[in-house]
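> First the structure, which I've put down as structure tokens, then a few questions once you've had a look.
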Amino acid sequence: MAKTSKKKKLTIAIDGPSGAGKSSVARSLAKRLGYNYIDTGAMYRSVAFKAKEKGIFQEDELALNQLASSLHITFTTEREQTRVFCDGEDITTAIRTPEISRLASSISSRKGVREALVQMQREMGKEGGVILEGRDIGTVVFPDADVKFYLDAESDERVKRRYHEMVEKGVKVDFKETQKDLVQRDHHDMHRTHSPLKKANDALFIDSTHRPAEEVVEEMVRIVKAKAK
């Protein structure tokens, strides 16, 4: 009797700056492939949210390290909606405010915090069949990922996307303030000492500026399926 060969479950890394469309593309790609989706940025936001809740200052590195190591963060995805749970609490909406975004950007530069969350992310993705989206997936978390994408878009387009995303979620935001926050976050992410945002040498660069998400996902699906053969 002939053996049936199972298709390999890959580890897929999607990196890029804020507003490039990583989250929507990663969720859609995960749905198409039947893979698990992990939003690593939401994990840093979770630490920021809990730090604010517990009154931990962003300068208190020891307390932040201990906090990051102690949290239990999980994701559930139904249709196109991914929910984030931290220690059993649904914090999906709470972590998407501009204040938490700024705090997460600062906290993410802490070496101990990054080490704790990178360890969690590696544990989540060790079996394959997973799509991890963030800033350092292809360079630090899974440098040997089966497929790596670097998704980017022109800065003006990324600002518009981020602004409309916040408005759709009912968050009161100012366009100019959104633009300022995005520019500052880009600079911070690209110039931080630990795990700066950069394209992995073997990552496929995709410019999403003038392309609908569905088109980008189709390109990714073709590449992943070819790799999985």
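Chain identifiers are assigned as A, B, and so on, following the order in which chains appear in the structure tokens; residues are numbered from 1 within each chain, and ligands are numbered from 1 in order of appearance.
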As a list in words, please: the residues near Ser155 of chain A (cut-off 10 Å, only C-alpha atoms, same-chain neighbours under 3 positions excluded).
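So, after excluding close chain neighbours, the residues are Pro17, Ser18, Gly19, Ala20, Asp152, Arg158, Val159, Lys160, Arg161, Gln179, Leu182, Val183, Asp186 and Thr209 of chain A.
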> Take the residues that were just selected and, keeping N, CA and C atoms, output them as a PDB file, in the first residue's frame.

```pdb
ATOM      1  N   PRO A  17       7.334  47.589   8.936  1.00  0.00           N
ATOM      2  CA  PRO A  17       6.976  48.698   9.825  1.00  0.00           C
ATOM      3  C   PRO A  17       5.481  48.801  10.079  1.00  0.00           C
ATOM      4  N   SER A  18       5.119  49.659  11.014  1.00  0.00           N
ATOM      5  CA  SER A  18       3.728  49.889  11.368  1.00  0.00           C
ATOM      6  C   SER A  18       2.948  50.435  10.178  1.00  0.00           C
ATOM      7  N   GLY A  19       1.746  49.903   9.965  1.00  0.00           N
ATOM      8  CA  GLY A  19       0.889  50.406   8.899  1.00  0.00           C
ATOM      9  C   GLY A  19       1.149  49.812   7.530  1.00  0.00           C
ATOM     10  N   ALA A  20       2.043  48.828   7.458  1.00  0.00           N
ATOM     11  CA  ALA A  20       2.357  48.222   6.157  1.00  0.00           C
ATOM     12  C   ALA A  20       1.299  47.211   5.736  1.00  0.00           C
ATOM     13  N   ASP A 152       6.210  46.284   3.230  1.00  0.00           N
ATOM     14  CA  ASP A 152       6.391  47.718   3.467  1.00  0.00           C
ATOM     15  C   ASP A 152       5.439  48.500   2.575  1.00  0.00           C
ATOM     16  N   ARG A 158       0.999  54.454   4.872  1.00  0.00           N
ATOM     17  CA  ARG A 158       0.957  53.775   6.161  1.00  0.00           C
ATOM     18  C   ARG A 158       0.264  54.629   7.216  1.00  0.00           C
ATOM     19  N   VAL A 159       0.477  55.938   7.153  1.00  0.00           N
ATOM     20  CA  VAL A 159      -0.196  56.851   8.086  1.00  0.00           C
ATOM     21  C   VAL A 159      -1.709  56.792   7.868  1.00  0.00           C
ATOM     22  N   LYS A 160      -2.135  56.835   6.601  1.00  0.00           N
ATOM     23  CA  LYS A 160      -3.571  56.782   6.290  1.00  0.00           C
ATOM     24  C   LYS A 160      -4.191  55.490   6.804  1.00  0.00           C
ATOM     25  N   ARG A 161      -3.487  54.388   6.585  1.00  0.00           N
ATOM     26  CA  ARG A 161      -4.010  53.097   7.033  1.00  0.00           C
ATOM     27  C   ARG A 161      -4.144  53.051   8.544  1.00  0.00           C
ATOM     28  N   GLN A 179       0.413  60.644  12.403  1.00  0.00           N
ATOM     29  CA  GLN A 179       1.606  60.751  11.545  1.00  0.00           C
ATOM     30  C   GLN A 179       2.868  60.901  12.392  1.00  0.00           C
ATOM     31  N   LEU A 182       3.723  57.589  14.127  1.00  0.00           N
ATOM     32  CA  LEU A 182       4.255  56.571  13.221  1.00  0.00           C
ATOM     33  C   LEU A 182       5.709  56.862  12.855  1.00  0.00           C
ATOM     34  N   VAL A 183       6.021  58.133  12.608  1.00  0.00           N
ATOM     35  CA  VAL A 183       7.400  58.513  12.285  1.00  0.00           C
ATOM     36  C   VAL A 183       8.325  58.210  13.463  1.00  0.00           C
ATOM     37  N   ASP A 186       8.760  54.393  13.772  1.00  0.00           N
ATOM     38  CA  ASP A 186       9.672  53.899  12.740  1.00  0.00           C
ATOM     39  C   ASP A 186      11.119  54.104  13.167  1.00  0.00           C
ATOM     40  N   THR A 209       1.997  49.350  -1.193  1.00  0.00           N
ATOM     41  CA  THR A 209       1.451  50.711  -1.311  1.00  0.00           C
ATOM     42  C   THR A 209       0.225  50.782  -2.206  1.00  0.00           C
TER      43      THR A 209
END
```
> If you take only C-alpha atoms and a cut-off of 10 Å, which residues of segment 9-81 of chain A touch segment 87-92 of chain A, and what are their nearest atom pairs and distances in Å to one decimal, in chain and number order, as a tab-separated table?

```
residue	atom	partner	partner_atom	distance
A:Ala42	CA	A:Thr92	CA	8.4
A:Arg45	CA	A:Ile91	CA	9.6
A:Ser46	CA	A:Ile91	CA	7.6
A:Phe49	CA	A:Ile91	CA	8.5
A:Lys50	CA	A:Ile91	CA	9.8
A:Ser70	CA	A:Asp87	CA	9.2
A:Leu71	CA	A:Asp87	CA	6.2
A:His72	CA	A:Asp87	CA	5.0
A:Ile73	CA	A:Asp87	CA	6.4
A:Thr74	CA	A:Gly88	CA	8.3
A:Phe75	CA	A:Thr92	CA	9.5
A:Gln81	CA	A:Thr92	CA	10.0
```
> Take the residues that were just selected and, keeping N, CA and C atoms, output them as a short mmCIF file (atom, residue, chain, number, x, y, z; two decimals), in the first residue's frame.

```cif
data_model
loop_
_atom_site.label_atom_id
_atom_site.label_comp_id
_atom_site.auth_asym_id
_atom_site.auth_seq_id
_atom_site.Cartn_x
_atom_site.Cartn_y
_atom_site.Cartn_z
N ALA A 42 1.26 42.44 19.35
CA ALA A 42 0.22 42.44 20.38
C ALA A 42 0.78 41.92 21.71
N ARG A 45 2.39 44.85 23.28
CA ARG A 45 1.31 45.72 23.74
C ARG A 45 0.70 45.17 25.03
N SER A 46 0.63 43.85 25.12
CA SER A 46 0.08 43.21 26.32
C SER A 46 0.93 43.53 27.54
N PHE A 49 0.30 47.15 28.44
CA PHE A 49 -1.01 47.31 29.08
C PHE A 49 -0.96 46.87 30.54
N LYS A 50 -0.35 45.71 30.79
CA LYS A 50 -0.27 45.20 32.16
C LYS A 50 0.66 46.05 33.02
N SER A 70 6.15 36.49 33.31
CA SER A 70 5.07 35.88 34.07
C SER A 70 3.74 35.80 33.31
N LEU A 71 3.61 36.56 32.24
CA LEU A 71 2.32 36.65 31.54
C LEU A 71 2.04 35.42 30.68
N HIS A 72 0.76 35.07 30.60
CA HIS A 72 0.31 33.98 29.72
C HIS A 72 -0.53 34.63 28.62
N ILE A 73 0.03 34.69 27.41
CA ILE A 73 -0.61 35.38 26.29
C ILE A 73 -1.03 34.35 25.24
N THR A 74 -2.31 34.43 24.83
CA THR A 74 -2.82 33.51 23.82
C THR A 74 -3.65 34.27 22.78
N PHE A 75 -3.84 33.61 21.63
CA PHE A 75 -4.62 34.20 20.54
C PHE A 75 -5.71 33.23 20.09
N GLN A 81 -11.29 37.87 12.58
CA GLN A 81 -11.08 38.56 13.85
C GLN A 81 -10.17 37.76 14.78
#
```
> If we count only C-alpha atoms, what is near Arg192 of chain A at a cut-off of 8 Å, once residues fewer than 4 positions away on the same chain are taken out, given as a PyMOL selection string?
chain A and resi 109+188+196
> Could you write out that same residue set with N, CA and C atoms as a PDB file, in the first residue's frame?

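Below you can see selection_12.pdb, which holds the result:
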```pdb
ATOM      1  N   SER A 109      12.058  47.937  23.623  1.00  0.00           N
ATOM      2  CA  SER A 109      13.511  48.098  23.511  1.00  0.00           C
ATOM      3  C   SER A 109      14.254  47.465  24.689  1.00  0.00           C
ATOM      4  N   HIS A 188      12.320  54.668  16.172  1.00  0.00           N
ATOM      5  CA  HIS A 188      12.650  53.896  17.369  1.00  0.00           C
ATOM      6  C   HIS A 188      12.878  52.429  17.021  1.00  0.00           C
ATOM      7  N   PRO A 196      16.626  45.442  16.222  1.00  0.00           N
ATOM      8  CA  PRO A 196      16.033  46.521  15.427  1.00  0.00           C
ATOM      9  C   PRO A 196      15.280  45.984  14.213  1.00  0.00           C
TER      10      PRO A 196
END
```
> Do you have, as a tab-separated table, the list of residues of segment 113-192 of chain A lying at most 8 Å from segment 61-68 of chain A, each with its nearest atom pair and that distance in Å to one decimal, counting only C-alpha atoms and ordered by chain then number?

```
residue	atom	partner	partner_atom	distance
A:Val113	CA	A:Asn65	CA	5.0
A:Ala116	CA	A:Ala68	CA	6.1
A:Leu117	CA	A:Ala68	CA	6.9
```
> For the residues selected in the previous step, produce a file with N, CA and C atoms as a compact mmCIF listing (two decimals), in the first residue's frame.

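Contents of result_3.txt, as written:
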```txt
# COMPACT_ATOMS: atom_id res chain seq x y z
N VAL A 113 12.73 42.09 28.35
CA VAL A 113 11.37 41.92 27.84
C VAL A 113 11.41 41.18 26.51
N ALA A 116 12.23 37.46 26.95
CA ALA A 116 11.10 36.70 27.49
C ALA A 116 10.06 36.41 26.41
N LEU A 117 9.74 37.44 25.61
CA LEU A 117 8.71 37.26 24.59
C LEU A 117 9.21 36.46 23.39
```
> Could you tell me how far atom CA of Asn201 of chain A sits from atom CA of Ser106 of chain A, in Å to one decimal place?
26.2 Å
> Got a sec: who's within 10 Å of Asp39 of chain A, counting only C-alpha atoms, leaving out chain neighbours fewer than 3 positions off, as a list in words?
Ile14, Lys22, Ser23, Ala26, Arg27, Ala42, Met43, Tyr44, Thr74, Phe75, Thr82, Arg83, Val84, Gln121, Ile131, Leu132, Glu133 and Gly134 of chain A
> Would you compute the distance between atom CA of Tyr163 of chain A and atom CA of Arg211 of chain A? Give it in Å to one decimal.
18.2 Å
> So, with only C-alpha atoms as the atoms that count, which of A:Asp174, A:Asp181, A:Glu127, A:Asp202 lies closest to Tyr150 of chain A?
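Smallest distance to Tyr150 of chain A is found for A:Asp202.
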> Check segment 82-114 of chain A with DSSP on the backbone and list each residue it calls helix (DSSP H, G or I), as a PyMOL selection string.
chain A and resi 94-96+98-107+111-114
> Smallest atom-to-atom distance to Ile95 of chain A: which of A:Val47, A:Ala30, A:Lys172, A:Gln184, using only C-alpha atoms?
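When distances to Ile95 of chain A are compared using only C-alpha atoms, the smallest one comes from A:Val47.
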> Going by DSSP on the backbone, which residues of segment 26-212 of chain A come out as strand (DSSP E or B)? List them as a PyMOL selection string.
chain A and resi 36-39+73-78+81-86+89-90+130-134+147-152+204-207
> Write to file, as a short mmCIF file (atom, residue, chain, number, x, y, z; two decimals), in the first residue's frame, the residues of the selection just made, with N, CA and C atoms.

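The new file again35.cif reads:
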```cif
data_model
loop_
_atom_site.label_atom_id
_atom_site.label_comp_id
_atom_site.auth_asym_id
_atom_site.auth_seq_id
_atom_site.Cartn_x
_atom_site.Cartn_y
_atom_site.Cartn_z
N ASN A 36 -1.79 28.67 12.21
CA ASN A 36 -2.00 29.52 13.37
C ASN A 36 -1.37 30.89 13.11
N TYR A 37 -2.01 31.93 13.62
CA TYR A 37 -1.52 33.30 13.44
C TYR A 37 -1.09 33.87 14.79
N ILE A 38 0.12 34.42 14.82
CA ILE A 38 0.65 35.03 16.05
C ILE A 38 1.06 36.47 15.77
N ASP A 39 0.39 37.39 16.42
CA ASP A 39 0.69 38.81 16.30
C ASP A 39 1.67 39.18 17.42
N ILE A 73 0.03 34.69 27.41
CA ILE A 73 -0.61 35.38 26.29
C ILE A 73 -1.03 34.35 25.24
N THR A 74 -2.31 34.43 24.83
CA THR A 74 -2.82 33.51 23.82
C THR A 74 -3.65 34.27 22.78
N PHE A 75 -3.84 33.61 21.63
CA PHE A 75 -4.62 34.20 20.54
C PHE A 75 -5.71 33.23 20.09
N THR A 76 -6.86 33.79 19.74
CA THR A 76 -7.91 33.00 19.10
C THR A 76 -8.36 33.74 17.85
N THR A 77 -8.56 33.02 16.77
CA THR A 77 -8.99 33.65 15.51
C THR A 77 -10.26 33.00 15.02
N GLU A 78 -11.28 33.83 14.81
CA GLU A 78 -12.54 33.38 14.23
C GLU A 78 -12.85 34.29 13.04
N GLN A 81 -11.29 37.87 12.58
CA GLN A 81 -11.08 38.56 13.85
C GLN A 81 -10.17 37.76 14.78
N THR A 82 -9.06 38.37 15.17
CA THR A 82 -8.16 37.74 16.14
C THR A 82 -8.30 38.44 17.47
N ARG A 83 -8.49 37.66 18.52
CA ARG A 83 -8.61 38.22 19.86
C ARG A 83 -7.38 37.85 20.67
N VAL A 84 -6.97 38.79 21.53
CA VAL A 84 -5.77 38.62 22.35
C VAL A 84 -6.19 38.46 23.81
N PHE A 85 -5.68 37.40 24.44
CA PHE A 85 -5.98 37.16 25.85
C PHE A 85 -4.68 37.18 26.65
N CYS A 86 -4.72 37.86 27.77
CA CYS A 86 -3.56 37.91 28.66
C CYS A 86 -4.01 37.49 30.05
N GLU A 89 -7.72 37.25 30.32
CA GLU A 89 -8.52 38.46 30.09
C GLU A 89 -8.44 38.88 28.62
N ASP A 90 -9.59 39.14 28.03
CA ASP A 90 -9.63 39.61 26.64
C ASP A 90 -9.24 41.10 26.62
N VAL A 130 2.61 27.81 11.27
CA VAL A 130 2.37 29.06 11.98
C VAL A 130 2.87 30.25 11.18
N ILE A 131 2.17 31.36 11.33
CA ILE A 131 2.58 32.62 10.72
C ILE A 131 2.80 33.63 11.84
N LEU A 132 4.03 34.09 11.96
CA LEU A 132 4.36 35.09 12.98
C LEU A 132 4.61 36.41 12.29
N GLU A 133 4.00 37.44 12.83
CA GLU A 133 4.09 38.77 12.22
C GLU A 133 4.64 39.76 13.24
N GLY A 134 5.64 40.55 12.83
CA GLY A 134 6.22 41.52 13.76
C GLY A 134 7.32 42.34 13.15
N VAL A 147 9.85 30.44 5.19
CA VAL A 147 9.53 31.52 4.26
C VAL A 147 9.55 32.83 5.03
N LYS A 148 10.21 33.84 4.44
CA LYS A 148 10.28 35.15 5.09
C LYS A 148 9.79 36.23 4.12
N PHE A 149 8.91 37.08 4.63
CA PHE A 149 8.43 38.22 3.86
C PHE A 149 8.77 39.50 4.61
N TYR A 150 9.08 40.55 3.86
CA TYR A 150 9.24 41.89 4.46
C TYR A 150 8.25 42.78 3.74
N LEU A 151 7.20 43.18 4.46
CA LEU A 151 6.11 43.96 3.88
C LEU A 151 6.27 45.43 4.25
N ASP A 152 6.21 46.28 3.23
CA ASP A 152 6.39 47.72 3.47
C ASP A 152 5.44 48.50 2.57
N LEU A 204 11.69 38.02 1.20
CA LEU A 204 11.13 38.57 -0.03
C LEU A 204 10.47 39.91 0.28
N PHE A 205 10.91 40.96 -0.39
CA PHE A 205 10.36 42.30 -0.16
C PHE A 205 9.08 42.47 -0.97
N ILE A 206 8.02 42.93 -0.31
CA ILE A 206 6.76 43.21 -0.99
C ILE A 206 6.31 44.62 -0.65
N ASP A 207 6.11 45.44 -1.67
CA ASP A 207 5.61 46.81 -1.49
C ASP A 207 4.09 46.77 -1.65
#
```
> Rounded to one decimal, what separation in Å do you get between atom CA of Thr11 of chain A and atom CA of Ser28 of chain A?
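Interatomic distance here is 15.6 Å.
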> Any idea what's packed within 10 Å of Phe57 of chain A, counting only C-alpha atoms, ignoring anything in its chain fewer than 5 positions away? Could you give it as a list in words?
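Result of the neighbour search: Ala48, Ala51, Lys52, Ala63, Leu64, Leu103 and Ile107 of chain A.
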> Would you pick out the contacts of segment 223-228 of chain A at 9 Å or less, using only C-alpha atoms, so that residues sharing its chain but fewer than 4 positions from it are not included, and give the list as a ChimeraX atom specification?
/A:7-10,12,33,146-147,218-219
